[in-house]
>>> print(open('upload.txt').read())   # compact mmCIF, C-alpha atoms
# COMPACT_ATOMS: atom_id res chain seq x y z
CA MET A 1 -36.97 -35.86 -94.98
CA THR A 2 -39.17 -33.55 -92.92
CA LYS A 3 -41.15 -34.92 -90.05
CA PRO A 4 -44.91 -34.86 -90.74
CA SER A 5 -46.96 -32.45 -88.68
CA LEU A 6 -49.28 -33.96 -86.10
CA VAL A 7 -51.80 -31.10 -86.28
CA PRO A 8 -51.34 -29.46 -89.71
CA PHE A 9 -53.96 -26.74 -89.22
CA LEU A 10 -52.36 -25.59 -85.95
CA GLN A 11 -48.64 -26.05 -86.62
CA PHE A 12 -47.96 -23.28 -89.12
CA GLU A 13 -45.87 -20.14 -89.36
CA PRO A 14 -47.96 -16.92 -89.48
CA THR A 15 -47.11 -14.57 -92.33
CA LEU A 16 -48.38 -11.32 -93.82
CA PHE A 17 -46.80 -11.97 -97.21
CA ASN A 18 -50.10 -12.63 -98.96
CA TRP A 19 -51.66 -9.48 -97.51
CA ARG A 20 -48.70 -7.34 -98.57
CA ASN A 21 -48.59 -8.90 -102.01
CA GLU A 22 -52.34 -8.47 -102.50
CA TYR A 23 -52.98 -5.01 -101.10
CA VAL A 24 -49.67 -3.32 -101.89
CA THR A 25 -48.94 -4.58 -105.40
CA ARG A 26 -52.61 -4.93 -106.46
CA GLY A 27 -54.23 -2.47 -104.07
CA ARG A 28 -55.82 -0.31 -106.75
CA GLU A 29 -57.82 -3.21 -108.16
CA ILE A 30 -59.15 -4.24 -104.75
CA THR A 31 -59.91 -0.66 -103.71
CA ALA A 32 -61.78 0.03 -106.96
CA ALA A 33 -63.79 -3.18 -106.55
CA LEU A 34 -64.74 -2.33 -102.95
CA ILE A 35 -65.79 1.19 -103.99
CA ASN A 36 -67.90 -0.29 -106.79
CA SER A 37 -69.52 -2.71 -104.35
CA PHE A 38 -70.30 0.11 -101.90
CA MET A 39 -71.78 2.32 -104.61
CA ILE A 40 -73.81 -0.50 -106.18
CA ALA A 41 -75.10 -2.00 -102.93
CA GLY A 42 -75.79 1.40 -101.39
CA GLY A 43 -77.59 2.70 -104.48
CA ALA A 44 -79.67 -0.45 -104.88
CA THR A 45 -80.57 -0.40 -101.19
CA LEU A 46 -81.64 3.24 -101.33
CA VAL A 47 -83.86 2.64 -104.37
CA ALA A 48 -85.32 -0.65 -103.11
CA VAL A 49 -86.07 0.56 -99.58
CA SER A 50 -87.47 3.92 -100.71
CA LEU A 51 -89.83 2.40 -103.27
CA GLY A 52 -90.54 -0.69 -101.17
CA THR A 53 -91.57 1.39 -98.16
CA MET A 54 -94.04 3.43 -100.19
CA VAL A 55 -95.43 0.34 -101.94
CA GLY A 56 -95.75 -1.47 -98.61
CA TYR A 57 -97.63 1.47 -97.15
CA GLY A 58 -99.97 1.55 -100.13
CA LEU A 59 -100.73 -2.17 -99.85
CA ALA A 60 -101.38 -1.83 -96.11
CA ARG A 61 -103.59 1.26 -96.16
CA PHE A 62 -105.43 1.20 -99.50
CA ARG A 63 -107.78 -1.32 -101.10
CA PHE A 64 -107.33 -1.75 -104.84
CA ARG A 65 -110.11 -3.12 -107.03
CA ARG A 66 -108.63 -3.95 -110.43
CA TRP A 67 -105.63 -5.73 -108.92
CA LYS A 68 -106.46 -6.95 -105.45
CA ASN A 69 -103.98 -6.34 -102.63
CA LYS A 70 -103.48 -10.04 -102.04
CA ASP A 71 -102.70 -10.66 -105.71
CA MET A 72 -100.12 -7.87 -105.78
CA THR A 73 -98.53 -9.17 -102.58
CA LEU A 74 -98.28 -12.66 -104.04
CA TRP A 75 -96.75 -11.17 -107.20
CA PHE A 76 -94.01 -9.49 -105.17
CA LEU A 77 -93.47 -12.72 -103.24
CA SER A 78 -93.18 -14.67 -106.50
CA GLN A 79 -90.24 -12.50 -107.54
CA ARG A 80 -88.14 -14.23 -104.89
CA PHE A 81 -88.81 -17.60 -106.56
CA LEU A 82 -87.88 -16.40 -110.03
CA PRO A 83 -84.47 -17.84 -111.07
CA PRO A 84 -82.10 -14.93 -111.76
CA MET A 85 -80.69 -16.65 -114.85
CA ALA A 86 -84.16 -16.55 -116.41
CA THR A 87 -83.81 -12.77 -116.70
CA ALA A 88 -80.07 -12.56 -117.39
CA ILE A 89 -80.35 -12.28 -121.18
CA PRO A 90 -83.23 -9.74 -121.12
CA PHE A 91 -81.30 -7.58 -118.65
CA PHE A 92 -78.17 -7.83 -120.80
CA ILE A 93 -80.05 -6.80 -123.94
CA MET A 94 -81.77 -3.94 -122.12
CA MET A 95 -78.51 -2.59 -120.67
CA LYS A 96 -76.79 -2.91 -124.03
CA THR A 97 -79.61 -1.04 -125.73
CA PHE A 98 -79.33 1.86 -123.28
CA HIS A 99 -75.50 1.75 -123.32
CA LEU A 100 -75.30 0.87 -119.62
CA LEU A 101 -73.04 -2.18 -119.83
CA ASP A 102 -70.08 -2.04 -117.44
CA THR A 103 -71.63 0.77 -115.40
CA ARG A 104 -72.65 0.95 -111.77
CA LEU A 105 -76.11 2.17 -112.76
CA ALA A 106 -76.82 -1.10 -114.55
CA LEU A 107 -76.12 -3.14 -111.43
CA ILE A 108 -77.99 -0.68 -109.21
CA ILE A 109 -81.12 -1.08 -111.34
CA THR A 110 -80.76 -4.85 -111.49
CA ASN A 111 -80.11 -5.35 -107.78
CA ALA A 112 -82.87 -2.95 -106.78
CA THR A 113 -85.31 -4.93 -108.95
CA PHE A 114 -84.55 -8.19 -107.17
CA THR A 115 -84.24 -6.85 -103.62
CA MET A 116 -87.28 -4.55 -103.54
CA PRO A 117 -89.71 -7.43 -102.80
CA PHE A 118 -88.00 -7.87 -99.42
CA ALA A 119 -88.74 -4.26 -98.52
CA VAL A 120 -92.30 -4.42 -99.88
CA LEU A 121 -93.27 -7.56 -97.95
CA ILE A 122 -91.65 -6.49 -94.70
CA MET A 123 -92.97 -2.93 -94.74
CA ARG A 124 -96.47 -4.01 -95.78
CA ASP A 125 -96.88 -6.05 -92.63
CA VAL A 126 -95.21 -3.41 -90.49
CA PHE A 127 -97.70 -0.75 -91.56
CA LYS A 128 -100.59 -3.21 -91.07
CA GLU A 129 -99.45 -3.65 -87.46
CA LEU A 130 -99.38 0.11 -86.80
CA PRO A 131 -102.79 1.47 -85.75
CA VAL A 132 -104.66 3.66 -88.22
CA ALA A 133 -105.81 5.83 -85.29
CA LEU A 134 -102.37 7.45 -85.19
CA GLU A 135 -102.82 8.74 -88.73
CA GLU A 136 -106.40 9.78 -88.08
CA SER A 137 -105.26 11.88 -85.12
CA ALA A 138 -102.72 13.58 -87.37
CA TRP A 139 -105.42 14.27 -89.98
CA VAL A 140 -107.61 15.86 -87.33
CA ASP A 141 -104.70 18.14 -86.41
CA GLY A 142 -104.47 19.29 -90.01
CA ALA A 143 -101.79 17.00 -91.44
CA SER A 144 -102.13 15.65 -94.95
CA ARG A 145 -101.91 11.93 -95.70
CA PHE A 146 -98.32 12.33 -96.84
CA GLY A 147 -97.55 14.45 -93.76
CA ALA A 148 -98.94 11.75 -91.48
CA PHE A 149 -96.95 9.13 -93.37
CA TRP A 150 -93.74 11.16 -93.17
CA ARG A 151 -93.99 12.41 -89.59
CA ILE A 152 -95.84 9.55 -87.86
CA MET A 153 -95.55 6.29 -89.74
CA LEU A 154 -91.93 6.43 -90.89
CA PRO A 155 -90.43 7.13 -87.42
CA LEU A 156 -92.48 4.28 -85.93
CA ALA A 157 -91.38 1.93 -88.73
CA ALA A 158 -87.70 2.93 -88.50
CA PRO A 159 -86.50 -0.43 -87.01
CA SER A 160 -88.11 -2.39 -89.84
CA ILE A 161 -86.77 0.02 -92.43
CA ALA A 162 -83.30 -0.65 -91.00
CA VAL A 163 -83.87 -4.40 -91.31
CA SER A 164 -85.05 -4.00 -94.91
CA ALA A 165 -81.97 -1.92 -95.69
CA VAL A 166 -79.63 -4.52 -94.17
CA LEU A 167 -81.24 -7.35 -96.16
CA CYS A 168 -81.21 -5.40 -99.42
CA PHE A 169 -77.61 -4.29 -98.86
CA ALA A 170 -76.45 -7.84 -98.06
CA PHE A 171 -78.09 -9.37 -101.12
CA SER A 172 -76.81 -6.60 -103.39
CA TRP A 173 -73.31 -6.86 -101.92
CA ASN A 174 -73.17 -10.62 -102.48
CA GLU A 175 -74.72 -10.63 -105.97
CA PHE A 176 -72.46 -12.30 -108.53
CA ILE A 177 -74.36 -13.54 -111.60
CA PHE A 178 -75.46 -10.17 -112.96
CA ALA A 179 -72.19 -8.53 -111.94
CA LEU A 180 -70.34 -11.11 -114.04
CA ILE A 181 -72.67 -10.70 -117.02
CA LEU A 182 -73.14 -6.93 -117.06
CA THR A 183 -69.59 -5.78 -116.21
CA TYR A 184 -66.17 -6.53 -117.62
CA LYS A 185 -63.73 -3.83 -116.42
CA ASN A 186 -64.78 -0.52 -114.89
CA ALA A 187 -67.73 -1.49 -112.68
CA GLN A 188 -66.68 -4.92 -111.42
CA PRO A 189 -67.59 -5.41 -107.74
CA ILE A 190 -65.60 -7.39 -105.20
CA THR A 191 -67.52 -10.63 -105.88
CA VAL A 192 -66.24 -10.76 -109.46
CA ILE A 193 -62.72 -9.90 -108.32
CA ILE A 194 -62.78 -12.77 -105.84
CA ALA A 195 -63.89 -15.21 -108.53
CA GLY A 196 -61.07 -14.01 -110.78
CA VAL A 197 -58.31 -15.28 -108.49
CA GLU A 198 -57.06 -17.99 -110.81
CA HIS A 199 -53.56 -18.76 -112.02
CA THR A 200 -52.08 -21.06 -114.63
CA GLN A 201 -51.21 -23.41 -111.76
CA GLY A 202 -54.72 -23.35 -110.32
CA ILE A 203 -56.77 -21.29 -107.87
CA GLN A 204 -54.69 -19.19 -105.49
CA PHE A 205 -56.59 -19.90 -102.29
CA TRP A 206 -54.38 -17.66 -100.15
CA PHE A 207 -55.42 -14.63 -102.21
CA VAL A 208 -59.04 -15.80 -102.20
CA ALA A 209 -58.91 -15.77 -98.39
CA THR A 210 -57.58 -12.22 -98.19
CA ARG A 211 -60.19 -10.91 -100.63
CA LEU A 212 -62.98 -12.79 -98.90
CA LEU A 213 -62.09 -11.19 -95.58
CA ALA A 214 -62.15 -7.75 -97.19
CA ALA A 215 -65.58 -8.55 -98.66
CA ILE A 216 -67.02 -9.90 -95.40
CA LEU A 217 -66.02 -7.03 -93.12
CA PRO A 218 -68.29 -4.20 -94.45
CA PRO A 219 -71.61 -6.15 -94.20
CA ALA A 220 -70.54 -7.54 -90.81
CA ILE A 221 -69.84 -4.04 -89.50
CA LEU A 222 -73.18 -2.83 -90.86
CA VAL A 223 -75.09 -5.64 -89.13
CA LEU A 224 -73.31 -5.01 -85.82
CA THR A 225 -74.15 -1.33 -86.09
CA VAL A 226 -77.91 -1.83 -86.52
CA GLN A 227 -78.32 -5.11 -84.65
CA ARG A 228 -80.55 -3.53 -81.98
CA TYR A 229 -83.15 -2.84 -84.67
CA ILE A 230 -83.08 -6.29 -86.25
CA VAL A 231 -85.08 -8.32 -83.70
CA ARG A 232 -87.85 -5.75 -83.40
CA GLY A 233 -87.92 -5.12 -87.13
CA LEU A 234 -88.16 -8.80 -88.03
CA THR A 235 -90.90 -9.29 -85.44
CA PHE A 236 -92.97 -6.57 -87.08
CA GLY A 237 -92.10 -7.84 -90.53
CA ALA A 238 -93.43 -11.37 -90.26
CA ILE A 239 -95.20 -12.17 -93.54
CA LYS A 240 -98.89 -12.79 -93.15
CA GLY A 241 -101.65 -13.67 -95.58
>>> encode(input="upload.txt", output="structure tokens")
Amino acid sequence: MTKPSLVPFLQFEPTLFNWRNEYVTRGREITAALINSFMIAGGATLVAVSLGTMVGYGLARFRFRRWKNKDMTLWFLSQRFLPPMATAIPFFIMMKTFHLLDTRLALIITNATFTMPFAVLIMRDVFKELPVALEESAWVDGASRFGAFWRIMLPLAAPSIAVSAVLCFAFSWNEFIFALILTYKNAQPITVIIAGVEHTQGIQFWFVATRLLAAILPPAILVLTVQRYIVRGLTFGAIKG
């Protein structure tokens, strides 16, 4: 009879068996899932931040009459309260109609749809904080409105754009519901692969731990890389009425 351990979570024998078994024997599956996650999260972030920045600038600098600016801002804000499962079946039918099931493009479109409100709300308030006199000076010097936006406003808003990109990337990277519904083989991201660690004897938690660590590292590295922009960007991006 073995003597019981006094401190079970400290008295253990370190081993790399699970890592070798997971990434040597099943390395292709994990690598493909990580590549899918990178492509999906990166594509969704690029679309959401690009469109969200332009929409935020429009809401900050223009006054719309048919749909008021405040109403459009509240509409974007309401998208964050919409339960994702309420749109799961419509998205599935739409992707099936356009033959996009089990493709990265389907998840890029879906994730960009749900993460773009972050970029819109943050960038709207960022551009409202930046003085209009900077653009007017550029107009006097002969720049067009787009030229002033591209050469003056975007560089000044770079920290907040970085924050928007980090938020959109993190939410797209961690998305599970639509990835489970819209993919089944070729385009499965790492979140679906983690959830699939199940055996006839139950959940294999040791393999879950190795896959979770592989899924956590990329967003963590991204945040550490752009952390100097986060505080300033979030300060500019405080949501106001």
>>> residues_around(input="upload.txt", residues="A:Ile161", least_positions_apart="2", cutoff="9 Å", atoms="all atoms listed in the file", output="list in words")
Val49, Thr53, Ala119, Ile122, Met123, Leu154, Ala157, Ala158, Pro159, Val163, Ser164, Ala165, Val166 and Gly233 of chain A
>>> closest_residue(input="upload.txt", among="A:Pro131, A:Gly42, A:Pro14, A:Gly58", to="A:Arg145", atoms="all atoms listed in the file")
A:Gly58
>>> atom_distance(input="upload.txt", atom1="atom CA of A:Ala44", atom2="atom CA of A:Gly27")
25.5 Å
>>> atom_distance(input="upload.txt", atom1="atom CA of A:Ala170", atom2="atom CA of A:Met153")
25.2 Å
>>> closest_residue(input="upload.txt", among="A:Tyr57, A:Phe178, A:Trp150, A:Phe17", to="A:Phe114", atoms="only C-alpha atoms")
A:Phe178
>>> residues_around(input="upload.txt", residues="A:Ile177", least_positions_apart="5", cutoff="12 Å", atoms="all atoms listed in the file", output="ChimeraX atom specification")
/A:83-89,91-92,107,110-111,171-172,182-183,188-189,191-192,195
>>> closest_residue(input="upload.txt", among="A:Gln204, A:Thr115, A:Thr31, A:Thr97", to="A:Glu175", atoms="only C-alpha atoms")
A:Thr115
>>> closest_residue(input="upload.txt", among="A:Ile40, A:Ala187, A:Ala133, A:Thr73", to="A:Phe169", atoms="all atoms listed in the file")
A:Ile40
>>> atom_distance(input="upload.txt", atom1="atom CA of A:Phe176", atom2="atom CA of A:Gly52")
22.7 Å
>>> closest_residue(input="upload.txt", among="A:Ile30, A:Met95, A:Ala215, A:Val132", to="A:Ile108", atoms="all atoms listed in the file")
A:Met95
>>> closest_residue(input="upload.txt", among="A:Met39, A:Leu224, A:Leu134, A:Met116", to="A:Thr103", atoms="only C-alpha atoms")
A:Met39
